[in-house]
>>> print(open('final-v7.cif').read())   # mmCIF, C-alpha atoms and all ligand atoms
data_input
#
loop_
_atom_site.label_atom_id
_atom_site.label_comp_id
_atom_site.auth_asym_id
_atom_site.auth_seq_id
_atom_site.Cartn_x
_atom_site.Cartn_y
_atom_site.Cartn_z
CA MET U 1 163.93 87.45 140.78
CA SER U 2 163.35 84.12 142.46
CA PHE U 3 163.14 80.95 140.43
CA GLN U 4 160.31 79.21 142.17
CA PRO U 5 156.81 78.30 141.11
CA PRO U 6 154.07 80.56 142.52
CA LYS U 7 152.79 79.72 145.99
CA GLY U 8 150.51 76.69 145.99
CA THR U 9 151.68 75.43 142.58
CA ASP U 10 154.10 72.63 141.77
CA ASP U 11 156.60 71.61 139.16
CA ILE U 12 155.91 67.99 138.44
CA ILE U 13 159.09 66.53 137.01
CA ALA U 14 160.83 63.17 136.67
CA PRO U 15 161.06 60.78 138.37
CA GLU U 16 157.74 61.55 140.16
CA SER U 17 156.09 62.59 136.91
CA GLN U 18 156.21 59.04 135.60
CA ALA U 19 153.59 57.93 138.13
CA TRP U 20 151.48 60.89 137.01
CA ARG U 21 151.85 59.92 133.41
CA GLU U 22 150.81 56.34 134.13
CA THR U 23 147.83 57.50 136.17
CA LEU U 24 146.69 59.91 133.46
CA ARG U 25 147.14 57.19 130.85
CA LEU U 26 144.98 54.87 132.96
CA TRP U 27 142.39 57.64 133.10
CA GLU U 28 142.33 58.04 129.32
CA GLU U 29 142.00 54.31 128.84
CA LEU U 30 139.35 53.76 131.50
CA SER U 31 137.13 56.72 130.67
CA GLU U 32 137.23 55.60 127.03
CA ARG U 33 136.31 52.05 128.06
CA TYR U 34 133.20 53.40 129.81
CA GLY U 35 132.16 55.32 126.70
CA TYR U 36 133.19 58.85 127.71
CA PRO U 37 134.66 60.86 124.83
CA LEU U 38 137.25 63.50 125.61
CA VAL U 39 136.23 67.12 126.03
CA SER U 40 138.88 69.79 126.12
CA LEU U 41 137.38 73.06 127.30
CA PRO U 42 138.68 76.56 127.98
CA ILE U 43 140.68 76.99 131.16
CA PHE U 44 139.02 80.36 131.68
CA GLU U 45 135.33 81.11 131.36
CA SER U 46 133.16 84.11 132.02
CA THR U 47 133.03 84.76 135.76
CA GLU U 48 129.25 84.69 135.71
CA LEU U 49 129.20 81.04 134.64
CA PHE U 50 130.75 80.01 137.95
CA GLU U 51 128.87 82.57 140.07
CA ARG U 52 125.59 81.26 138.75
CA GLY U 53 126.52 77.62 138.22
CA VAL U 54 128.62 76.80 141.28
CA GLY U 55 126.65 79.20 143.45
CA ASP U 56 127.48 82.54 145.01
CA THR U 57 127.33 81.27 148.58
CA SER U 58 129.86 78.48 147.98
CA GLU U 59 133.35 79.04 149.31
CA VAL U 60 134.74 78.27 145.89
CA VAL U 61 132.99 81.33 144.47
CA THR U 62 133.16 83.71 147.43
CA LYS U 63 136.80 83.15 148.39
CA GLN U 64 138.71 81.03 145.95
CA MET U 65 138.31 82.26 142.40
CA TYR U 66 141.13 83.61 140.27
CA THR U 67 139.17 86.36 138.59
CA PHE U 68 140.52 89.12 136.38
CA THR U 69 139.42 91.62 133.80
CA ASP U 70 140.84 90.95 130.35
CA GLN U 71 142.02 93.57 127.85
CA GLY U 72 138.49 93.79 126.48
CA GLY U 73 137.03 94.64 129.89
CA ARG U 74 135.35 91.24 130.42
CA SER U 75 135.48 89.54 133.77
CA VAL U 76 136.92 86.05 133.36
CA THR U 77 137.84 83.37 135.88
CA LEU U 78 140.34 80.51 135.80
CA ARG U 79 138.09 77.45 136.10
CA PRO U 80 137.79 76.32 139.74
CA GLU U 81 135.89 73.19 138.67
CA GLY U 82 134.74 71.50 135.51
CA THR U 83 131.03 70.76 135.72
CA ALA U 84 129.68 74.22 134.91
CA GLY U 85 131.95 74.45 131.84
CA VAL U 86 130.93 71.01 130.59
CA MET U 87 127.25 71.86 130.96
CA ARG U 88 127.84 75.13 129.12
CA ALA U 89 129.58 73.23 126.33
CA TYR U 90 126.76 70.70 126.11
CA LEU U 91 124.11 73.40 125.88
CA ASP U 92 126.21 75.30 123.32
CA SER U 93 126.75 72.22 121.18
CA GLY U 94 123.08 71.94 120.33
CA SER U 95 123.24 68.22 121.17
CA ARG U 96 120.15 66.46 122.45
CA GLY U 97 119.86 63.42 124.64
CA ALA U 98 122.34 61.45 126.71
CA TRP U 99 125.82 62.95 126.34
CA LYS U 100 129.06 61.85 127.98
CA ALA U 101 132.26 63.79 128.51
CA ALA U 102 135.60 63.03 130.16
CA TYR U 103 138.16 65.65 131.08
CA SER U 104 141.62 65.92 132.56
CA GLY U 105 143.47 69.11 133.29
CA PRO U 106 144.44 71.92 135.65
CA PHE U 107 141.98 73.75 137.89
CA PHE U 108 142.53 76.78 140.10
CA ARG U 109 141.38 77.75 143.57
CA TYR U 110 142.86 80.35 145.85
CA GLU U 111 143.22 78.19 148.93
CA ARG U 112 145.65 78.19 151.81
CA PRO U 113 148.25 75.80 150.38
CA GLN U 114 149.25 72.61 152.13
CA ALA U 115 149.97 69.05 151.04
CA GLY U 116 147.08 67.99 148.83
CA ARG U 117 145.54 71.47 148.81
CA ARG U 118 147.03 73.42 145.93
CA ARG U 119 146.17 76.62 144.10
CA GLN U 120 146.69 74.86 140.80
CA PHE U 121 145.66 71.22 140.93
CA TRP U 122 144.80 68.49 138.46
CA GLN U 123 141.39 66.94 138.14
CA VAL U 124 140.16 64.08 136.03
CA GLY U 125 136.41 63.77 135.79
CA VAL U 126 133.36 62.80 133.84
CA GLU U 127 129.95 64.31 133.30
CA TYR U 128 126.99 62.33 132.03
CA VAL U 129 124.30 64.81 131.04
CA ASP U 130 120.71 64.69 129.94
CA VAL U 131 120.16 61.48 131.87
CA ALA U 132 117.90 61.34 134.92
CA GLY U 133 117.73 57.70 135.99
CA PRO U 134 119.65 56.16 138.89
CA VAL U 135 121.59 53.72 136.71
CA ALA U 136 123.58 56.67 135.35
CA ASP U 137 124.57 57.62 138.90
CA VAL U 138 125.72 54.07 139.59
CA GLU U 139 127.73 53.85 136.39
CA VAL U 140 129.48 57.12 137.22
CA VAL U 141 130.23 56.12 140.80
CA GLU U 142 131.57 52.78 139.61
CA LEU U 143 133.91 54.38 137.07
CA GLY U 144 135.43 56.61 139.74
CA TYR U 145 135.74 53.70 142.11
CA ARG U 146 137.44 51.51 139.52
CA PHE U 147 139.83 54.27 138.56
CA ILE U 148 140.86 54.81 142.16
CA SER U 149 141.42 51.13 142.82
CA ASP U 150 143.15 50.52 139.48
CA SER U 151 145.53 53.37 140.24
CA GLY U 152 146.63 51.36 143.25
CA LEU U 153 144.86 53.11 146.11
CA SER U 154 143.36 50.47 148.35
CA GLU U 155 142.25 52.33 151.44
CA VAL U 156 139.32 54.22 150.02
CA VAL U 157 135.84 54.63 151.45
CA LEU U 158 132.89 55.71 149.33
CA LEU U 159 130.54 58.06 151.17
CA LEU U 160 127.03 58.46 149.84
CA ASN U 161 124.11 60.75 150.55
CA SER U 162 121.04 62.19 148.90
CA LEU U 163 120.42 65.93 149.03
CA GLY U 164 116.86 65.87 147.73
CA ASP U 165 115.52 68.18 145.07
CA PRO U 166 113.53 71.44 144.80
CA GLU U 167 110.45 69.47 145.80
CA CYS U 168 111.68 68.31 149.21
CA ARG U 169 114.75 70.44 149.90
CA PRO U 170 112.87 73.56 151.17
CA ALA U 171 111.33 71.72 154.13
CA TYR U 172 114.71 70.29 155.00
CA VAL U 173 116.44 73.66 154.72
CA GLU U 174 113.84 75.20 157.06
CA ALA U 175 114.39 72.44 159.63
CA LEU U 176 118.16 72.83 159.40
CA ARG U 177 117.89 76.59 159.66
CA SER U 178 115.88 76.46 162.86
CA TYR U 179 118.29 73.87 164.32
CA LEU U 180 121.23 76.16 163.51
CA ARG U 181 119.51 79.27 164.84
CA ASP U 182 119.29 77.57 168.23
CA ARG U 183 123.05 77.00 168.13
CA ARG U 184 124.14 80.28 166.58
CA SER U 185 126.36 81.18 169.54
CA GLU U 186 128.37 77.95 169.18
CA LEU U 187 129.13 78.53 165.51
CA SER U 188 132.02 80.31 163.84
CA ALA U 189 131.22 83.77 162.43
CA ASP U 190 131.40 82.42 158.87
CA SER U 191 128.89 79.68 159.64
CA ALA U 192 126.56 81.98 161.57
CA ALA U 193 126.44 84.28 158.54
CA LEU U 194 125.34 81.35 156.37
CA ILE U 195 122.34 80.28 158.47
CA GLU U 196 119.93 82.50 156.58
CA ARG U 197 121.63 82.49 153.15
CA ASN U 198 122.58 78.83 152.73
CA PRO U 199 122.44 76.68 155.87
CA LEU U 200 123.61 73.55 154.00
CA ARG U 201 127.02 75.18 153.66
CA VAL U 202 127.32 75.17 157.47
CA LEU U 203 127.30 71.37 157.42
CA ASP U 204 130.24 71.57 155.03
CA SER U 205 132.27 73.72 157.44
CA LYS U 206 135.37 71.81 158.55
CA GLN U 207 135.33 73.77 161.78
CA ASP U 208 131.70 73.40 162.81
CA SER U 209 130.39 70.23 161.21
CA PRO U 210 131.98 67.81 163.72
CA ARG U 211 129.77 69.35 166.43
CA LEU U 212 126.60 69.18 164.36
CA THR U 213 126.16 65.41 164.30
CA ASP U 214 122.57 65.62 165.55
CA ALA U 215 121.55 68.10 162.83
CA PRO U 216 118.46 67.24 160.76
CA ARG U 217 119.35 64.80 157.99
CA THR U 218 118.44 65.29 154.34
CA ILE U 219 117.48 61.63 153.99
CA ASP U 220 114.67 62.06 156.54
CA TYR U 221 113.07 64.73 154.35
CA LEU U 222 113.28 63.14 150.89
CA CYS U 223 110.13 63.20 148.78
CA ALA U 224 108.93 59.89 147.37
CA ALA U 225 110.68 60.35 144.03
CA CYS U 226 114.02 61.24 145.65
CA ALA U 227 113.75 58.40 148.14
CA GLU U 228 113.10 55.97 145.31
CA HIS U 229 116.06 57.32 143.33
CA PHE U 230 118.34 57.00 146.35
CA ALA U 231 117.21 53.43 147.04
CA ALA U 232 117.87 52.52 143.40
CA VAL U 233 121.36 54.00 143.51
CA LYS U 234 122.18 52.03 146.63
CA SER U 235 120.87 48.76 145.27
CA GLY U 236 122.73 49.40 141.99
CA LEU U 237 125.97 49.78 143.93
CA GLU U 238 125.21 46.61 145.86
CA ARG U 239 124.64 44.69 142.63
CA LEU U 240 128.10 45.73 141.46
CA GLY U 241 129.64 44.86 144.81
CA ILE U 242 130.77 48.42 145.50
CA PRO U 243 130.92 49.05 149.24
CA TYR U 244 129.64 52.43 150.45
CA GLU U 245 128.83 54.17 153.69
CA GLU U 246 125.84 56.42 154.03
CA ASP U 247 126.88 59.79 155.38
CA PRO U 248 123.87 61.99 156.20
CA ASN U 249 126.18 64.97 156.76
CA LEU U 250 127.76 64.83 153.32
CA VAL U 251 126.59 68.00 151.54
CA ARG U 252 129.52 68.81 149.17
CA GLY U 253 131.00 72.25 148.71
CA LEU U 254 129.27 73.34 145.51
CA ASP U 255 125.68 74.56 145.34
CA TYR U 256 124.44 72.71 142.26
CA TYR U 257 123.88 69.27 143.73
CA THR U 258 120.51 67.53 143.83
CA ARG U 259 119.77 63.99 144.96
CA THR U 260 122.93 61.83 144.81
CA ALA U 261 126.10 63.19 146.41
CA PHE U 262 129.23 61.13 147.00
CA GLU U 263 132.86 61.35 147.95
CA TYR U 264 135.80 59.00 147.79
CA ILE U 265 137.84 59.28 150.98
CA ALA U 266 141.44 58.05 151.25
CA THR U 267 141.60 56.95 154.86
CA GLY U 268 145.40 57.18 154.87
CA LEU U 269 145.44 60.96 154.37
CA ASP U 270 144.82 63.79 156.86
CA ALA U 271 141.17 64.69 157.21
CA ALA U 272 141.77 68.17 155.75
CA GLN U 273 142.58 66.74 152.30
CA ASN U 274 141.47 63.12 152.36
CA ALA U 275 138.69 63.55 149.79
CA VAL U 276 140.40 62.22 146.68
CA GLY U 277 137.26 62.84 144.68
CA GLY U 278 133.61 63.69 144.77
CA GLY U 279 130.58 64.26 142.70
CA GLY U 280 126.87 63.87 142.38
CA ARG U 281 123.79 64.80 140.47
CA TYR U 282 123.09 68.38 139.38
CA ASP U 283 119.66 68.37 137.80
CA GLY U 284 119.15 72.13 138.27
CA LEU U 285 122.53 73.38 137.04
CA ALA U 286 121.61 73.88 133.37
CA GLU U 287 118.76 76.22 134.28
CA THR U 288 120.82 78.28 136.71
CA ILE U 289 123.22 79.06 133.86
CA GLY U 290 120.37 79.98 131.54
CA GLY U 291 119.83 76.74 129.61
CA ARG U 292 116.90 74.39 129.22
CA SER U 293 116.32 71.91 132.01
CA THR U 294 119.00 69.20 131.70
CA PRO U 295 119.75 66.67 134.41
CA GLY U 296 123.24 65.29 134.85
CA VAL U 297 125.63 63.42 137.10
CA GLY U 298 129.41 63.31 137.36
CA PHE U 299 132.50 63.40 139.52
CA ALA U 300 135.99 64.79 139.63
CA LEU U 301 139.04 63.24 141.23
CA GLY U 302 142.03 65.17 142.51
CA VAL U 303 145.12 63.67 140.92
CA ASP U 304 147.48 65.56 143.27
CA ARG U 305 145.74 63.90 146.20
CA ILE U 306 145.75 60.47 144.60
CA MET U 307 149.49 60.83 144.05
CA LEU U 308 149.94 61.92 147.64
CA ALA U 309 147.98 58.93 148.90
CA LEU U 310 149.97 56.60 146.65
CA GLY U 311 153.17 58.03 148.10
CA ALA U 312 154.31 59.21 144.62
CA PRO U 313 156.20 56.07 143.68
CA GLU U 314 159.29 56.76 141.60
CA ARG U 315 159.32 54.70 138.44
CA ALA U 316 161.69 54.52 135.49
CA HIS U 317 160.23 56.07 132.38
CA LEU U 318 162.49 53.90 130.21
CA ASP U 319 162.75 50.19 129.48
CA ALA U 320 166.41 50.55 128.66
CA TYR U 321 169.36 52.87 128.18
CA LEU U 322 171.50 52.38 125.13
CA VAL U 323 175.27 52.74 125.54
CA SER U 324 177.20 53.05 122.29
CA GLU U 325 180.85 52.13 121.80
CA THR U 326 180.77 53.62 118.30
CA GLY U 327 179.38 57.11 118.85
CA PRO U 328 175.96 58.77 118.97
CA GLY U 329 175.21 58.53 115.25
CA ASP U 330 175.10 54.75 115.40
CA ALA U 331 173.22 54.90 118.70
CA LEU U 332 170.49 56.99 117.11
CA GLU U 333 170.04 54.45 114.33
CA VAL U 334 169.83 51.53 116.78
CA ALA U 335 167.52 53.46 119.12
CA SER U 336 165.27 54.37 116.22
CA ARG U 337 164.94 50.70 115.33
CA LEU U 338 164.14 49.67 118.92
CA ARG U 339 161.70 52.54 119.39
CA ALA U 340 159.88 51.52 116.22
CA GLU U 341 159.44 48.13 117.89
CA GLY U 342 157.91 49.71 120.99
CA ILE U 343 160.90 49.74 123.34
CA ARG U 344 161.18 52.86 125.51
CA VAL U 345 164.86 53.55 125.08
CA ASP U 346 167.13 56.56 125.32
CA PHE U 347 170.81 57.28 124.64
CA ASP U 348 173.35 60.08 124.77
CA THR U 349 173.31 62.34 121.70
CA GLU U 350 176.67 63.85 122.76
CA ASP U 351 179.83 61.92 121.97
CA ARG U 352 180.71 60.86 125.51
CA SER U 353 182.84 58.07 126.93
CA VAL U 354 181.31 54.66 127.54
CA LYS U 355 181.92 55.19 131.26
CA ALA U 356 179.97 58.47 131.21
CA GLN U 357 177.13 56.77 129.34
CA PHE U 358 176.97 54.05 132.01
CA ARG U 359 176.85 56.75 134.66
CA THR U 360 173.80 58.28 132.97
CA ALA U 361 172.14 54.87 132.81
CA GLY U 362 172.77 54.49 136.55
CA ARG U 363 171.35 57.92 137.33
CA LEU U 364 168.18 57.12 135.35
CA GLU U 365 167.80 53.83 137.24
CA VAL U 366 166.85 51.94 134.10
CA PRO U 367 166.17 48.22 134.48
CA VAL U 368 168.24 47.33 131.41
CA VAL U 369 171.41 48.66 129.78
CA LEU U 370 172.02 47.80 126.12
CA VAL U 371 175.56 48.08 124.80
CA TRP U 372 176.05 48.63 121.09
CA LYS U 373 179.45 47.37 119.96
CA GLY U 374 179.20 47.82 116.20
CA GLU U 375 177.45 46.45 113.14
CA GLY U 376 177.41 42.65 113.05
CA VAL U 377 178.55 42.32 116.70
CA PRO U 378 175.95 41.04 119.19
CA MET U 379 174.68 43.61 121.69
CA ASP U 380 175.16 43.25 125.42
CA VAL U 381 171.87 43.18 127.31
CA GLN U 382 172.59 43.85 130.98
CA THR U 383 170.10 43.67 133.81
CA ARG U 384 170.88 44.03 137.48
CA ASP U 385 171.67 40.35 137.85
CA ASP U 386 172.09 38.99 134.35
CA ARG U 387 173.88 39.63 131.06
CA VAL U 388 173.29 38.15 127.63
CA SER U 389 174.57 38.84 124.14
CA LEU U 390 172.01 39.14 121.35
CA PRO U 391 171.87 40.25 117.74
CA VAL U 392 170.12 43.62 117.61
CA GLN U 393 167.13 42.21 115.72
CA GLU U 394 166.40 39.87 118.67
CA VAL U 395 166.49 42.54 121.36
CA SER U 396 162.83 43.57 121.21
CA THR U 397 161.78 39.89 121.41
CA TRP U 398 163.94 39.59 124.51
CA PHE U 399 161.98 42.50 126.07
CA ARG U 400 158.70 40.75 125.36
CA ARG U 401 159.92 37.41 126.73
P1 LIG A 501 135.18 69.08 144.31
O1 LIG A 501 134.82 68.19 145.45
O2 LIG A 501 135.22 70.52 144.58
O3 LIG A 501 134.16 68.74 143.15
O4 LIG A 501 136.59 68.65 143.74
C1 LIG A 501 136.82 67.31 143.35
C2 LIG A 501 138.18 66.86 143.85
O5 LIG A 501 139.20 67.73 143.38
C3 LIG A 501 138.34 66.90 145.36
O6 LIG A 501 137.80 65.75 145.95
C4 LIG A 501 139.85 66.94 145.51
O7 LIG A 501 140.41 65.65 145.40
C5 LIG A 501 140.27 67.75 144.31
N1 LIG A 501 140.54 69.14 144.74
C6 LIG A 501 139.66 70.14 144.92
N2 LIG A 501 140.29 71.26 145.32
C7 LIG A 501 141.61 70.95 145.38
C8 LIG A 501 142.80 71.68 145.73
N3 LIG A 501 142.76 72.97 146.07
N4 LIG A 501 143.98 71.03 145.70
C9 LIG A 501 144.04 69.72 145.35
N5 LIG A 501 142.97 69.00 145.01
C10 LIG A 501 141.77 69.60 145.02
C11 LIG A 501 134.16 69.33 141.93
O8 LIG A 501 135.05 70.02 141.51
C12 LIG A 501 132.96 68.95 141.08
N6 LIG A 501 133.06 69.66 139.79
C13 LIG A 501 132.90 67.46 140.90
C14 LIG A 501 131.70 67.05 140.09
C15 LIG A 501 131.70 66.68 138.79
N7 LIG A 501 130.46 67.00 140.53
C16 LIG A 501 129.68 66.61 139.54
N8 LIG A 501 130.42 66.44 138.48
#
>>> encode(input="final-v7.cif", output="C-alpha cells")
Amino acid sequence: MSFQPPKGTDDIIAPESQAWRETLRLWEELSERYGYPLVSLPIFESTELFERGVGDTSEVVTKQMYTFTDQGGRSVTLRPEGTAGVMRAYLDSGSRGAWKAAYSGPFFRYERPQAGRRRQFWQVGVEYVDVAGPVADVEVVELGYRFISDSGLSEVVLLLNSLGDPECRPAYVEALRSYLRDRRSELSADSAALIERNPLRVLDSKQDSPRLTDAPRTIDYLCAACAEHFAAVKSGLERLGIPYEEDPNLVRGLDYYTRTAFEYIATGLDAAQNAVGGGGRYDGLAETIGGRSTPGVGFALGVDRIMLALGAPERAHLDAYLVSETGPGDALEVASRLRAEGIRVDFDTEDRSVKAQFRTAGRLEVPVVLVWKGEGVPMDVQTRDDRVSLPVQEVSTWFRR
C-alpha cells in the first residue's frame, strides 16, 4: 500500500491551504455581492447529461470523463464541468425567468497531469440563465475579472470572441471545413478526424491551431443579430473600463457555446495551462439536454491555476498563538474569550512546557505570541519586534488597533 493521493490529485494542506481558504472566501463574498446565490449540486450526474450537454465531439466527453456504472446499473459520471448540471437544476426547479447561481467545488477530468492540469481540480463559477441580452454577458465577464484581480493576479488578459448562433454558424462551419480539407495532410490525425464531425474543435487543438492563423474567422460570418450582440458586449466592457483582446481563434473546448466566448489568460503561466478561466453564452444548451429553450451565460475559473499563478503564498492562519504558564485548562478559557471576540488564536491542549509551546508558535509562524501568566496578571503580547503587557480584556482591542 502506498500512502499517496491518486495520480493527478493533490492534498491541499497548511500552510498553502490558507491562501486557498482566503481565495474561496473572496469568491463567496464577491459572488454574493453580485447577486449570485449559492448552488450546491451533485458531484456525479447521469452520463447522458454531459454527452448531450457538453457535446460528444468535445475532448472532455470523448477522452476525459470519469464514468462508471453504479450498483443499480446506471451510467454516472463525475462532473467534468458545472454548466450542464446548473442548467439541469434550473430546469428541474420549475423556476421561470432570470436565475443566478454561483458554485465552488471539485471537478474531474482524466487528463495527463502536470502543473495546473489536474484530474481533480477546483472550479468557482457562475451561471446566469434565462437572460438573453448582452448586459448579462458583460456583468458575468466583469465579475470574473474582478475576482481574478482581487485575488491578487495582475498579469491577466481577457480574450473575447463571438461564435455566432444556429442562424449564422452553419455557413461559417462550411467555410472552415473547406479550409481544413485543403490542409488535411498538415493536420494531426485527431484533427483530421474532426474536419467532418466538428471542425471548430480543430481550432481548439493545441497542436494544430498555431498553424491555422489564416483560418476563416467566426466574426466575419456573424448574422446581424449576433454582430449587434457582440458589439454591445464590447462597448459594455469598454464602459466598465475592462480591457480585452479580440481573439478570432478562441473557440473554447465545450460544444455548447453560442455568441460570446471568453477566456482569462494568466500571461505568467505556461501556454499549456495559462487559461485561469473561461466561459461564454450557451443559448442552445437547455434544448440539447431536453429542456425548453433557455439562454444563459457564465464562466468557471480554475482555482488550482490561480493559486499556481499567485505562487501559492504561505500565510499564517492564526492571528496569535497563546502560551500558557498555568496549564491548558486556563489556556482554553482565555482562548475561548479571545475567539469570542474574533481573534484567530490557538494553543496547546496538552500540558507541555512553556519552551515547547514557544517552539510550536515558531513553527506556525504566527505574527503574535500571547503569554498567559495567571488570573489578574497582565498578559505578554509579543510581536517580532515589540512586547507589551496588557490585561486580558484589552488584548482584542490591541489587535484592532
Ligand atoms: P473550461 O474552460 O473547461 O470551462 O474550464 C474552466 C477553467 O477550469 C479553465 O480555464 C481552467 O482554469 C480550469 N480547468 C479546467 N480543466 C482543468 C484541469 N484539468 N486542471 C486544472 N484546472 C482546470 C468550463 O468548465 C465551463 N463550464 C465554463 C462555463 C461556465 N462556461 C459557461 N459557464
>>> closest_residue(input="final-v7.cif", among="U:Leu163, U:Ala232, U:Ile306, U:Leu301", to="Gly144 (chain U)", atoms="only C-alpha atoms")
U:Leu301
>>> residues_near_ligand(input="final-v7.cif", ligand="ligand LIG 501 (chain A)", cutoff="7 Å", atoms="all atoms listed in the file", output="PyMOL selection string")
chain U and resi 81-83+109+111+116-123+125-127+252-254+263+275-282+297-305
>>> residues_around(input="final-v7.cif", residues="Phe147 (chain U)", least_positions_apart="2", cutoff="10 Å", atoms="only C-alpha atoms", output="VMD selection string")
chain U and resid 23 26 to 27 29 to 31 142 to 145 149 to 153 301
>>> residues_around(input="final-v7.cif", residues="Leu203 (chain U)", least_positions_apart="5", cutoff="9 Å", atoms="all atoms listed in the file", output="short mmCIF file (atom, residue, chain, number, x, y, z; two decimals) with C-alpha atoms, in the frame of the given file")
data_model
loop_
_atom_site.label_atom_id
_atom_site.label_comp_id
_atom_site.auth_asym_id
_atom_site.auth_seq_id
_atom_site.Cartn_x
_atom_site.Cartn_y
_atom_site.Cartn_z
CA SER U 191 128.89 79.68 159.64
CA ASP U 208 131.70 73.40 162.81
CA SER U 209 130.39 70.23 161.21
CA PRO U 210 131.98 67.81 163.72
CA LEU U 212 126.60 69.18 164.36
CA ALA U 215 121.55 68.10 162.83
CA ASN U 249 126.18 64.97 156.76
CA LEU U 250 127.76 64.83 153.32
CA VAL U 251 126.59 68.00 151.54
CA ARG U 252 129.52 68.81 149.17
#
>>> atom_distance(input="final-v7.cif", atom1="CA of Pro134 (chain U)", atom2="CA of Tyr257 (chain U)")
14.6 Å
>>> closest_residue(input="final-v7.cif", among="U:Thr218, U:Thr383, U:Asn198, U:Thr213", to="Glu59 (chain U)", atoms="only C-alpha atoms")
U:Asn198
>>> atom_distance(input="final-v7.cif", atom1="CA of Thr77 (chain U)", atom2="CA of Met65 (chain U)")
6.6 Å
>>> closest_residue(input="final-v7.cif", among="U:Leu269, U:Ala89, U:Val392, U:Ala224", to="Gly311 (chain U)", atoms="only C-alpha atoms")
U:Leu269
>>> residues_around(input="final-v7.cif", residues="region 342-356 of chain U", least_positions_apart="3", cutoff="9 Å", atoms="only C-alpha atoms", output="PyMOL selection string")
chain U and resi 317-325+327-329+331-332+335-336+338-339+359-361+396+399
>>> residues_around(input="final-v7.cif", residues="Val156 (chain U)", least_positions_apart="6", cutoff="8 Å", atoms="only C-alpha atoms", output="ChimeraX atom specification")
/U:264-267
>>> closest_residue(input="final-v7.cif", among="U:Pro80, U:Gly53, U:Gly374, U:Pro113", to="Asp255 (chain U)", atoms="all atoms listed in the file")
U:Gly53
>>> closest_residue(input="final-v7.cif", among="U:Thr62, U:Arg112, U:Ser95, U:Ser293", to="Gly8 (chain U)", atoms="only C-alpha atoms")
U:Arg112
>>> atom_distance(input="final-v7.cif", atom1="CA of Trp20 (chain U)", atom2="CA of Leu308 (chain U)")
10.8 Å
>>> residues_near_point(input="final-v7.cif", point="(125.5, 66.2, 121.5)", cutoff="12 Å", atoms="only C-alpha atoms", output="ChimeraX atom specification")
/U:37,39,86-101,128-130
>>> residues_around(input="final-v7.cif", residues="region 221-223 of chain U", least_positions_apart="4", cutoff="7 Å", atoms="all atoms listed in the file", output="MDAnalysis selection string")
chainID U and resid 164 167:168 172 227
>>> residues_near_point(input="final-v7.cif", point="(159.8, 63.8, 140.6)", cutoff="12 Å", atoms="all atoms listed in the file", output="count of residues only")
21
